[in-house]
Amino acid sequence: CGVACRKDDAPRRRRREFPKMGREAYTKGFQNKWMVCEDGGIFEGPSGKHSTKIGEVKIGDVIEADAETFDPDNKVIWRLKSPSAGGWIYAPVRGPKTCVPLTENTYKLVQEGVTFYSVNGKKGTIVRKEKELESDQVEIIPKDSVCHVVEEATLEGGKQRFRIVSPVAGWVTKTQVTRTVIEGK
């Protein structure tokens, strides 16, 4: 017969083979770039159980993948082009997101030095005109608002302040915001 046959002429089941780098979900991000949603490690090889940790990623960091594979524990594994070329990062297929794809606009903001923080103060946070706490109040922005941070400064007493350009321009206190991610839409 034209198919590999057993003696009883029943067709043999072929073993299903998966290419190691066959699927390409990493391409969903603009130029294969993703924003990290949770702190994690960068590993030297695609097997987390047997690989040495060679670096770390933090919430809001941007990674660029150049290949993808899957492991038996149902995790997507990306080979990084940056920040650690040749390193690997793991993402569960189900459960909490490890990374979200970047849009072109978000990537441009990141290239301009913007980092994203969300307001965590129960009543929001006060935006002041200058970094000094005595400067004029610009506005109070509500809890969960996303701020585009472009500069950090430490005052004489050790209080850390962030200069923001969105949703309004001014300065906020670092303890009133938490690093966050922007999901591509």
# chains A, B, ... in the order shown; residues from 1 in each chain; ligands from 1
>>> select_by_dssp(residues="stretch 23-146 of chain A", states="alpha helix (DSSP H)", output="number ranges by chain")
A: 104-111
>>> write_last_selection(atoms="all heavy atoms", output="JSON list (two decimals), in the first residue's frame")
[["chain", "number", "residue", "atom", "x", "y", "z"],
["A", 104, "GLU", "N", 2.74, 49.71, 18.95],
["A", 104, "GLU", "CA", 3.75, 50.63, 18.42],
["A", 104, "GLU", "C", 3.80, 51.91, 19.26],
["A", 104, "GLU", "O", 4.88, 52.40, 19.59],
["A", 104, "GLU", "CB", 3.45, 50.96, 16.96],
["A", 104, "GLU", "CG", 4.51, 51.82, 16.30],
["A", 104, "GLU", "CD", 4.27, 52.00, 14.81],
["A", 104, "GLU", "OE1", 3.28, 51.48, 14.27],
["A", 104, "GLU", "OE2", 5.11, 52.68, 14.19],
["A", 105, "ASN", "N", 2.63, 52.44, 19.64],
["A", 105, "ASN", "CA", 2.61, 53.68, 20.43],
["A", 105, "ASN", "C", 3.24, 53.50, 21.80],
["A", 105, "ASN", "O", 4.00, 54.36, 22.26],
["A", 105, "ASN", "CB", 1.18, 54.20, 20.57],
["A", 105, "ASN", "CG", 0.62, 54.70, 19.25],
["A", 105, "ASN", "OD1", 1.38, 55.07, 18.36],
["A", 105, "ASN", "ND2", -0.68, 54.70, 19.12],
["A", 106, "THR", "N", 2.92, 52.40, 22.48],
["A", 106, "THR", "CA", 3.51, 52.15, 23.79],
["A", 106, "THR", "C", 5.02, 51.98, 23.67],
["A", 106, "THR", "O", 5.78, 52.48, 24.49],
["A", 106, "THR", "CB", 2.88, 50.90, 24.45],
["A", 106, "THR", "OG1", 1.46, 51.09, 24.52],
["A", 106, "THR", "CG2", 3.42, 50.68, 25.84],
["A", 107, "TYR", "N", 5.46, 51.27, 22.63],
["A", 107, "TYR", "CA", 6.89, 51.07, 22.44],
["A", 107, "TYR", "C", 7.61, 52.41, 22.22],
["A", 107, "TYR", "O", 8.69, 52.63, 22.75],
["A", 107, "TYR", "CB", 7.15, 50.12, 21.27],
["A", 107, "TYR", "CG", 8.63, 49.87, 21.07],
["A", 107, "TYR", "CD1", 9.37, 49.22, 22.06],
["A", 107, "TYR", "CD2", 9.29, 50.29, 19.93],
["A", 107, "TYR", "CE1", 10.72, 49.00, 21.90],
["A", 107, "TYR", "CE2", 10.64, 50.08, 19.77],
["A", 107, "TYR", "CZ", 11.35, 49.43, 20.76],
["A", 107, "TYR", "OH", 12.70, 49.22, 20.60],
["A", 108, "LYS", "N", 6.99, 53.32, 21.49],
["A", 108, "LYS", "CA", 7.59, 54.65, 21.28],
["A", 108, "LYS", "C", 7.76, 55.37, 22.61],
["A", 108, "LYS", "O", 8.78, 56.00, 22.86],
["A", 108, "LYS", "CB", 6.75, 55.49, 20.32],
["A", 108, "LYS", "CG", 6.90, 55.10, 18.88],
["A", 108, "LYS", "CD", 6.03, 55.95, 17.99],
["A", 108, "LYS", "CE", 6.10, 55.49, 16.55],
["A", 108, "LYS", "NZ", 5.19, 56.25, 15.68],
["A", 109, "LEU", "N", 6.73, 55.30, 23.48],
["A", 109, "LEU", "CA", 6.83, 55.92, 24.80],
["A", 109, "LEU", "C", 7.98, 55.32, 25.61],
["A", 109, "LEU", "O", 8.75, 56.05, 26.26],
["A", 109, "LEU", "CB", 5.52, 55.78, 25.57],
["A", 109, "LEU", "CG", 4.34, 56.60, 25.05],
["A", 109, "LEU", "CD1", 3.05, 56.20, 25.77],
["A", 109, "LEU", "CD2", 4.60, 58.09, 25.21],
["A", 110, "VAL", "N", 8.11, 54.00, 25.58],
["A", 110, "VAL", "CA", 9.19, 53.33, 26.30],
["A", 110, "VAL", "C", 10.55, 53.79, 25.76],
["A", 110, "VAL", "O", 11.48, 54.06, 26.53],
["A", 110, "VAL", "CB", 9.04, 51.80, 26.21],
["A", 110, "VAL", "CG1", 10.28, 51.09, 26.72],
["A", 110, "VAL", "CG2", 7.81, 51.34, 26.98],
["A", 111, "GLN", "N", 10.67, 53.92, 24.44],
["A", 111, "GLN", "CA", 11.92, 54.38, 23.82],
["A", 111, "GLN", "C", 12.26, 55.81, 24.25],
["A", 111, "GLN", "O", 13.42, 56.18, 24.32],
["A", 111, "GLN", "CB", 11.83, 54.30, 22.30],
["A", 111, "GLN", "CG", 11.83, 52.90, 21.75],
["A", 111, "GLN", "CD", 13.11, 52.17, 22.08],
["A", 111, "GLN", "OE1", 13.15, 51.38, 23.00],
["A", 111, "GLN", "NE2", 14.16, 52.44, 21.36]]
>>> residues_around(residues="A:Glu152", least_positions_apart="2", cutoff="7 Å", atoms="only C-alpha atoms", output="PyMOL selection string")
chain A and resi 161-163
>>> write_last_selection(atoms="N, CA and C atoms", output="compact mmCIF listing (two decimals), in the first residue's frame")
# COMPACT_ATOMS: atom_id res chain seq x y z
N ARG A 161 10.53 61.35 44.60
CA ARG A 161 9.45 61.95 43.80
C ARG A 161 9.64 61.56 42.34
N PHE A 162 8.51 61.45 41.63
CA PHE A 162 8.51 61.15 40.19
C PHE A 162 7.90 62.33 39.44
N ARG A 163 8.56 62.70 38.33
CA ARG A 163 7.95 63.69 37.43
C ARG A 163 7.13 62.92 36.42
>>> residues_around(residues="A:Val181", least_positions_apart="6", cutoff="7 Å", atoms="only C-alpha atoms", output="ChimeraX atom specification")
/A:35,37,59-60,116
>>> write_last_selection(atoms="all heavy atoms", output="short mmCIF file (atom, residue, chain, number, x, y, z; two decimals), in the first residue's frame")
data_model
loop_
_atom_site.label_atom_id
_atom_site.label_comp_id
_atom_site.auth_asym_id
_atom_site.auth_seq_id
_atom_site.Cartn_x
_atom_site.Cartn_y
_atom_site.Cartn_z
N MET A 35 5.89 43.61 27.22
CA MET A 35 6.12 44.25 28.50
C MET A 35 5.88 43.22 29.60
O MET A 35 4.88 42.51 29.60
CB MET A 35 5.22 45.46 28.70
CG MET A 35 5.52 46.22 29.97
SD MET A 35 4.62 47.78 30.09
CE MET A 35 5.50 48.79 28.92
N CYS A 37 4.85 41.55 33.03
CA CYS A 37 3.75 41.78 33.99
C CYS A 37 4.09 41.35 35.40
O CYS A 37 3.37 41.69 36.34
CB CYS A 37 2.51 40.99 33.58
SG CYS A 37 1.75 41.55 32.07
N ILE A 59 8.57 44.08 36.67
CA ILE A 59 7.33 44.59 36.10
C ILE A 59 7.62 45.86 35.30
O ILE A 59 8.30 46.75 35.78
CB ILE A 59 6.31 44.88 37.21
CG1 ILE A 59 5.87 43.58 37.87
CG2 ILE A 59 5.11 45.64 36.68
CD1 ILE A 59 5.00 43.77 39.09
N GLY A 60 7.10 45.91 34.09
CA GLY A 60 7.27 47.08 33.24
C GLY A 60 8.48 47.04 32.33
O GLY A 60 8.60 47.86 31.42
N PHE A 116 5.73 53.23 33.39
CA PHE A 116 4.31 53.33 33.74
C PHE A 116 4.09 52.92 35.19
O PHE A 116 4.57 51.89 35.64
CB PHE A 116 3.48 52.45 32.80
CG PHE A 116 3.70 52.79 31.35
CD1 PHE A 116 4.56 52.04 30.57
CD2 PHE A 116 3.08 53.89 30.79
CE1 PHE A 116 4.78 52.36 29.24
CE2 PHE A 116 3.29 54.22 29.46
CZ PHE A 116 4.15 53.46 28.69
#
>>> atom_distance(atom1="atom CA of A:Trp78", atom2="atom CA of A:Tyr90")
6.5 Å
>>> residues_around(residues="A:Val127", least_positions_apart="5", cutoff="12 Å", atoms="only C-alpha atoms", output="PyMOL selection string")
chain A and resi 119+132-142+147+161-174+176-177
>>> write_last_selection(atoms="N, CA, C and O atoms", output="compact mmCIF listing (two decimals), in the first residue's frame")
# COMPACT_ATOMS: atom_id res chain seq x y z
N VAL A 119 -1.59 54.69 40.29
CA VAL A 119 -1.79 55.34 41.59
C VAL A 119 -2.36 54.30 42.55
O VAL A 119 -3.34 53.64 42.25
N GLU A 132 9.31 69.82 44.96
CA GLU A 132 9.21 70.15 46.37
C GLU A 132 7.77 69.98 46.85
O GLU A 132 6.82 70.35 46.18
N LEU A 133 7.63 69.45 48.06
CA LEU A 133 6.29 69.18 48.62
C LEU A 133 5.49 70.44 48.90
O LEU A 133 4.27 70.40 49.02
N GLU A 134 6.17 71.58 49.01
CA GLU A 134 5.49 72.85 49.29
C GLU A 134 5.00 73.55 48.02
O GLU A 134 4.36 74.59 48.09
N SER A 135 5.32 73.02 46.86
CA SER A 135 4.93 73.68 45.61
C SER A 135 3.42 73.58 45.41
O SER A 135 2.73 72.81 46.07
N ASP A 136 2.92 74.35 44.46
CA ASP A 136 1.47 74.41 44.19
C ASP A 136 0.92 73.05 43.75
O ASP A 136 1.57 72.32 43.00
N GLN A 137 -0.29 72.78 44.21
CA GLN A 137 -1.00 71.56 43.81
C GLN A 137 -1.59 71.77 42.42
O GLN A 137 -2.24 72.78 42.17
N VAL A 138 -1.35 70.81 41.54
CA VAL A 138 -1.89 70.88 40.18
C VAL A 138 -3.27 70.21 40.15
O VAL A 138 -4.23 70.76 39.64
N GLU A 139 -3.32 69.01 40.70
CA GLU A 139 -4.55 68.21 40.63
C GLU A 139 -4.40 67.00 41.55
O GLU A 139 -3.29 66.60 41.90
N ILE A 140 -5.52 66.39 41.91
CA ILE A 140 -5.50 65.09 42.58
C ILE A 140 -5.97 64.08 41.54
O ILE A 140 -7.05 64.22 40.98
N ILE A 141 -5.12 63.09 41.26
CA ILE A 141 -5.53 62.08 40.29
C ILE A 141 -6.02 60.84 41.04
O ILE A 141 -5.46 60.46 42.07
N PRO A 142 -7.08 60.20 40.56
CA PRO A 142 -7.72 59.10 41.29
C PRO A 142 -6.90 57.81 41.32
O PRO A 142 -6.01 57.59 40.49
N CYS A 147 0.12 56.67 35.38
CA CYS A 147 1.00 57.83 35.23
C CYS A 147 2.17 57.47 34.33
O CYS A 147 2.72 56.37 34.43
N ARG A 161 10.53 61.35 44.60
CA ARG A 161 9.45 61.95 43.80
C ARG A 161 9.64 61.56 42.34
O ARG A 161 10.75 61.37 41.87
N PHE A 162 8.51 61.45 41.63
CA PHE A 162 8.51 61.15 40.19
C PHE A 162 7.90 62.33 39.44
O PHE A 162 6.86 62.84 39.83
N ARG A 163 8.56 62.70 38.33
CA ARG A 163 7.95 63.69 37.43
C ARG A 163 7.13 62.92 36.42
O ARG A 163 7.61 61.97 35.78
N ILE A 164 5.85 63.32 36.28
CA ILE A 164 4.96 62.66 35.34
C ILE A 164 4.55 63.63 34.24
O ILE A 164 4.55 64.84 34.44
N VAL A 165 4.21 63.06 33.09
CA VAL A 165 3.75 63.88 31.96
C VAL A 165 2.31 63.54 31.56
O VAL A 165 1.73 64.23 30.74
N SER A 166 1.78 62.48 32.16
CA SER A 166 0.40 62.08 31.89
C SER A 166 -0.12 61.35 33.12
O SER A 166 0.64 60.63 33.75
N PRO A 167 -1.36 61.50 33.50
CA PRO A 167 -2.47 62.20 32.86
C PRO A 167 -2.38 63.72 32.95
O PRO A 167 -3.04 64.43 32.19
N VAL A 168 -1.57 64.26 33.89
CA VAL A 168 -1.27 65.69 33.94
C VAL A 168 0.22 65.82 34.20
O VAL A 168 0.87 64.88 34.66
N ALA A 169 0.77 66.98 33.92
CA ALA A 169 2.20 67.20 34.17
C ALA A 169 2.41 67.67 35.60
O ALA A 169 1.64 68.47 36.12
N GLY A 170 3.45 67.12 36.24
CA GLY A 170 3.78 67.53 37.59
C GLY A 170 4.59 66.46 38.29
O GLY A 170 5.23 65.62 37.65
N TRP A 171 4.58 66.49 39.64
CA TRP A 171 5.38 65.58 40.46
C TRP A 171 4.49 64.85 41.45
O TRP A 171 3.58 65.43 42.04
N VAL A 172 4.76 63.54 41.64
CA VAL A 172 4.04 62.71 42.62
C VAL A 172 5.06 62.02 43.52
O VAL A 172 6.23 61.88 43.16
N THR A 173 4.60 61.57 44.69
CA THR A 173 5.46 60.84 45.62
C THR A 173 5.52 59.38 45.21
O THR A 173 4.49 58.76 44.90
N LYS A 174 6.73 58.82 45.22
CA LYS A 174 6.95 57.44 44.75
C LYS A 174 6.11 56.42 45.52
O LYS A 174 5.64 55.44 44.95
N GLN A 176 3.19 56.58 46.49
CA GLN A 176 1.78 56.65 46.11
C GLN A 176 1.49 55.99 44.76
O GLN A 176 0.36 55.99 44.29
N VAL A 177 2.53 55.42 44.13
CA VAL A 177 2.37 54.77 42.84
C VAL A 177 3.11 53.44 42.83
O VAL A 177 4.04 53.23 43.59
>>> residues_around(residues="A:Lys58", least_positions_apart="3", cutoff="7 Å", atoms="only C-alpha atoms", output="ChimeraX atom specification")
/A:36,38-40,61
>>> write_last_selection(atoms="C-alpha atoms", output="PDB file, in the first residue's frame")
ATOM      1  CA  VAL A  36       6.772  42.146  31.611  1.00  0.00           C
ATOM      2  CA  GLU A  38       5.490  40.110  36.918  1.00  0.00           C
ATOM      3  CA  ASP A  39       9.010  39.896  38.272  1.00  0.00           C
ATOM      4  CA  GLY A  40      10.862  36.840  36.992  1.00  0.00           C
ATOM      5  CA  ASP A  61      10.552  45.970  31.646  1.00  0.00           C
TER       6      ASP A  61
END
>>> select_by_dssp(residues="stretch 87-178 of chain A", states="strand (DSSP E or B)", output="MDAnalysis selection string")
chainID A and resid 88:92 99:101 115:119 125:128 137:141 146:154 160:166 170:173 177:178
>>> residues_around(residues="A:Ala65", least_positions_apart="5", cutoff="7 Å", atoms="only C-alpha atoms", output="short mmCIF file (atom, residue, chain, number, x, y, z; two decimals) with all heavy atoms, in the first residue's frame")
data_model
loop_
_atom_site.label_atom_id
_atom_site.label_comp_id
_atom_site.auth_asym_id
_atom_site.auth_seq_id
_atom_site.Cartn_x
_atom_site.Cartn_y
_atom_site.Cartn_z
N TYR A 26 5.03 34.92 20.02
CA TYR A 26 5.82 36.09 20.40
C TYR A 26 5.70 37.21 19.39
O TYR A 26 5.98 38.36 19.69
CB TYR A 26 7.29 35.71 20.62
CG TYR A 26 8.05 35.36 19.36
CD1 TYR A 26 8.73 36.33 18.64
CD2 TYR A 26 8.07 34.06 18.88
CE1 TYR A 26 9.41 36.01 17.48
CE2 TYR A 26 8.76 33.73 17.74
CZ TYR A 26 9.43 34.71 17.04
OH TYR A 26 10.09 34.39 15.90
N ASN A 32 7.95 42.07 17.89
CA ASN A 32 8.22 40.97 18.82
C ASN A 32 8.60 41.45 20.22
O ASN A 32 9.33 40.79 20.93
CB ASN A 32 9.31 40.04 18.28
CG ASN A 32 9.01 39.54 16.89
OD1 ASN A 32 7.85 39.47 16.50
ND2 ASN A 32 10.03 39.22 16.15
N LYS A 33 8.08 42.62 20.62
CA LYS A 33 8.41 43.19 21.92
C LYS A 33 7.22 43.04 22.86
O LYS A 33 6.08 43.19 22.47
CB LYS A 33 8.81 44.65 21.78
CG LYS A 33 10.15 44.78 21.07
CD LYS A 33 10.50 46.21 20.82
CE LYS A 33 11.83 46.35 20.13
NZ LYS A 33 11.89 45.76 18.82
N TRP A 78 10.30 31.76 25.72
CA TRP A 78 10.81 32.66 24.69
C TRP A 78 12.32 32.80 24.80
O TRP A 78 12.84 33.01 25.89
CB TRP A 78 10.20 34.05 24.83
CG TRP A 78 8.77 34.13 24.46
CD1 TRP A 78 8.16 33.60 23.38
CD2 TRP A 78 7.75 34.83 25.17
NE1 TRP A 78 6.83 33.91 23.37
CE2 TRP A 78 6.56 34.66 24.47
CE3 TRP A 78 7.74 35.58 26.35
CZ2 TRP A 78 5.36 35.22 24.88
CZ3 TRP A 78 6.56 36.12 26.76
CH2 TRP A 78 5.38 35.95 26.04
N ARG A 79 13.00 32.73 23.66
CA ARG A 79 14.42 33.07 23.62
C ARG A 79 14.50 34.57 23.41
O ARG A 79 13.85 35.12 22.53
CB ARG A 79 15.13 32.33 22.49
CG ARG A 79 16.65 32.59 22.53
CD ARG A 79 17.38 31.80 21.48
NE ARG A 79 16.94 32.24 20.17
CZ ARG A 79 16.95 31.47 19.08
NH1 ARG A 79 17.35 30.23 19.14
NH2 ARG A 79 16.54 31.95 17.92
N LEU A 80 15.30 35.23 24.21
CA LEU A 80 15.36 36.68 24.17
C LEU A 80 16.40 37.20 23.20
O LEU A 80 17.49 36.65 23.09
CB LEU A 80 15.66 37.23 25.57
CG LEU A 80 14.65 36.90 26.65
CD1 LEU A 80 15.10 37.49 27.97
CD2 LEU A 80 13.27 37.41 26.27
N LYS A 81 16.04 38.27 22.54
CA LYS A 81 16.98 39.03 21.73
C LYS A 81 17.53 40.16 22.60
O LYS A 81 18.68 40.54 22.49
CB LYS A 81 16.26 39.57 20.49
CG LYS A 81 17.16 40.20 19.49
CD LYS A 81 16.39 40.51 18.22
CE LYS A 81 17.27 41.18 17.20
NZ LYS A 81 16.49 41.54 16.00
#
>>> decode(residues="stretch 74-142 of chain A", atoms="C-alpha atoms", output="PDB file, in the first residue's frame")
ATOM      1  CA  ASN A  74       2.433  23.919  29.748  1.00  0.00           C
ATOM      2  CA  LYS A  75       4.681  26.939  29.593  1.00  0.00           C
ATOM      3  CA  VAL A  76       5.632  29.087  26.660  1.00  0.00           C
ATOM      4  CA  ILE A  77       9.375  29.687  26.567  1.00  0.00           C
ATOM      5  CA  TRP A  78      10.812  32.656  24.686  1.00  0.00           C
ATOM      6  CA  ARG A  79      14.423  33.070  23.621  1.00  0.00           C
ATOM      7  CA  LEU A  80      15.358  36.682  24.169  1.00  0.00           C
ATOM      8  CA  LYS A  81      16.981  39.028  21.729  1.00  0.00           C
ATOM      9  CA  SER A  82      17.077  41.676  24.469  1.00  0.00           C
ATOM     10  CA  PRO A  83      17.773  42.485  27.290  1.00  0.00           C
ATOM     11  CA  SER A  84      19.903  39.300  27.623  1.00  0.00           C
ATOM     12  CA  ALA A  85      20.546  37.967  24.124  1.00  0.00           C
ATOM     13  CA  GLY A  86      20.209  34.194  24.087  1.00  0.00           C
ATOM     14  CA  GLY A  87      18.582  34.054  27.531  1.00  0.00           C
ATOM     15  CA  TRP A  88      15.176  32.417  28.029  1.00  0.00           C
ATOM     16  CA  ILE A  89      12.017  33.550  29.853  1.00  0.00           C
ATOM     17  CA  TYR A  90       9.036  31.396  30.817  1.00  0.00           C
ATOM     18  CA  ALA A  91       5.325  32.221  30.587  1.00  0.00           C
ATOM     19  CA  PRO A  92       2.476  29.944  31.703  1.00  0.00           C
ATOM     20  CA  VAL A  93      -0.049  29.120  28.973  1.00  0.00           C
ATOM     21  CA  ARG A  94      -2.854  29.328  31.527  1.00  0.00           C
ATOM     22  CA  GLY A  95      -3.077  31.490  34.615  1.00  0.00           C
ATOM     23  CA  PRO A  96      -1.622  34.924  35.269  1.00  0.00           C
ATOM     24  CA  LYS A  97       0.032  36.740  32.402  1.00  0.00           C
ATOM     25  CA  THR A  98       3.806  36.977  32.440  1.00  0.00           C
ATOM     26  CA  CYS A  99       4.040  39.472  29.579  1.00  0.00           C
ATOM     27  CA  VAL A 100       1.711  41.525  27.402  1.00  0.00           C
ATOM     28  CA  PRO A 101       2.359  42.524  23.786  1.00  0.00           C
ATOM     29  CA  LEU A 102       3.438  46.094  23.133  1.00  0.00           C
ATOM     30  CA  THR A 103       1.731  48.322  20.635  1.00  0.00           C
ATOM     31  CA  GLU A 104       3.752  50.632  18.419  1.00  0.00           C
ATOM     32  CA  ASN A 105       2.611  53.682  20.425  1.00  0.00           C
ATOM     33  CA  THR A 106       3.507  52.147  23.794  1.00  0.00           C
ATOM     34  CA  TYR A 107       6.888  51.073  22.438  1.00  0.00           C
ATOM     35  CA  LYS A 108       7.593  54.650  21.282  1.00  0.00           C
ATOM     36  CA  LEU A 109       6.833  55.924  24.802  1.00  0.00           C
ATOM     37  CA  VAL A 110       9.193  53.331  26.303  1.00  0.00           C
ATOM     38  CA  GLN A 111      11.919  54.379  23.822  1.00  0.00           C
ATOM     39  CA  GLU A 112      11.434  57.984  24.997  1.00  0.00           C
ATOM     40  CA  GLY A 113      12.149  56.883  28.583  1.00  0.00           C
ATOM     41  CA  VAL A 114       8.598  56.635  29.936  1.00  0.00           C
ATOM     42  CA  THR A 115       7.863  54.075  32.666  1.00  0.00           C
ATOM     43  CA  PHE A 116       4.315  53.325  33.741  1.00  0.00           C
ATOM     44  CA  TYR A 117       2.986  53.509  37.297  1.00  0.00           C
ATOM     45  CA  SER A 118      -0.540  53.247  38.670  1.00  0.00           C
ATOM     46  CA  VAL A 119      -1.788  55.342  41.587  1.00  0.00           C
ATOM     47  CA  ASN A 120      -2.187  53.180  44.697  1.00  0.00           C
ATOM     48  CA  GLY A 121      -3.274  55.781  47.268  1.00  0.00           C
ATOM     49  CA  LYS A 122      -6.830  55.108  48.527  1.00  0.00           C
ATOM     50  CA  LYS A 123      -7.889  58.687  47.792  1.00  0.00           C
ATOM     51  CA  GLY A 124      -5.638  59.059  44.765  1.00  0.00           C
ATOM     52  CA  THR A 125      -2.494  61.158  44.846  1.00  0.00           C
ATOM     53  CA  ILE A 126      -1.636  64.832  44.734  1.00  0.00           C
ATOM     54  CA  VAL A 127       0.229  66.108  41.689  1.00  0.00           C
ATOM     55  CA  ARG A 128       2.382  69.145  42.481  1.00  0.00           C
ATOM     56  CA  LYS A 129       3.862  71.683  40.068  1.00  0.00           C
ATOM     57  CA  GLU A 130       7.464  71.182  41.278  1.00  0.00           C
ATOM     58  CA  LYS A 131       9.217  68.305  43.030  1.00  0.00           C
ATOM     59  CA  GLU A 132       9.207  70.147  46.374  1.00  0.00           C
ATOM     60  CA  LEU A 133       6.294  69.179  48.617  1.00  0.00           C
ATOM     61  CA  GLU A 134       5.487  72.850  49.289  1.00  0.00           C
ATOM     62  CA  SER A 135       4.928  73.675  45.606  1.00  0.00           C
ATOM     63  CA  ASP A 136       1.472  74.412  44.193  1.00  0.00           C
ATOM     64  CA  GLN A 137      -0.998  71.565  43.813  1.00  0.00           C
ATOM     65  CA  VAL A 138      -1.894  70.881  40.176  1.00  0.00           C
ATOM     66  CA  GLU A 139      -4.549  68.208  40.631  1.00  0.00           C
ATOM     67  CA  ILE A 140      -5.500  65.088  42.583  1.00  0.00           C
ATOM     68  CA  ILE A 141      -5.526  62.080  40.294  1.00  0.00           C
ATOM     69  CA  PRO A 142      -7.722  59.100  41.291  1.00  0.00           C
TER      70      PRO A 142
END
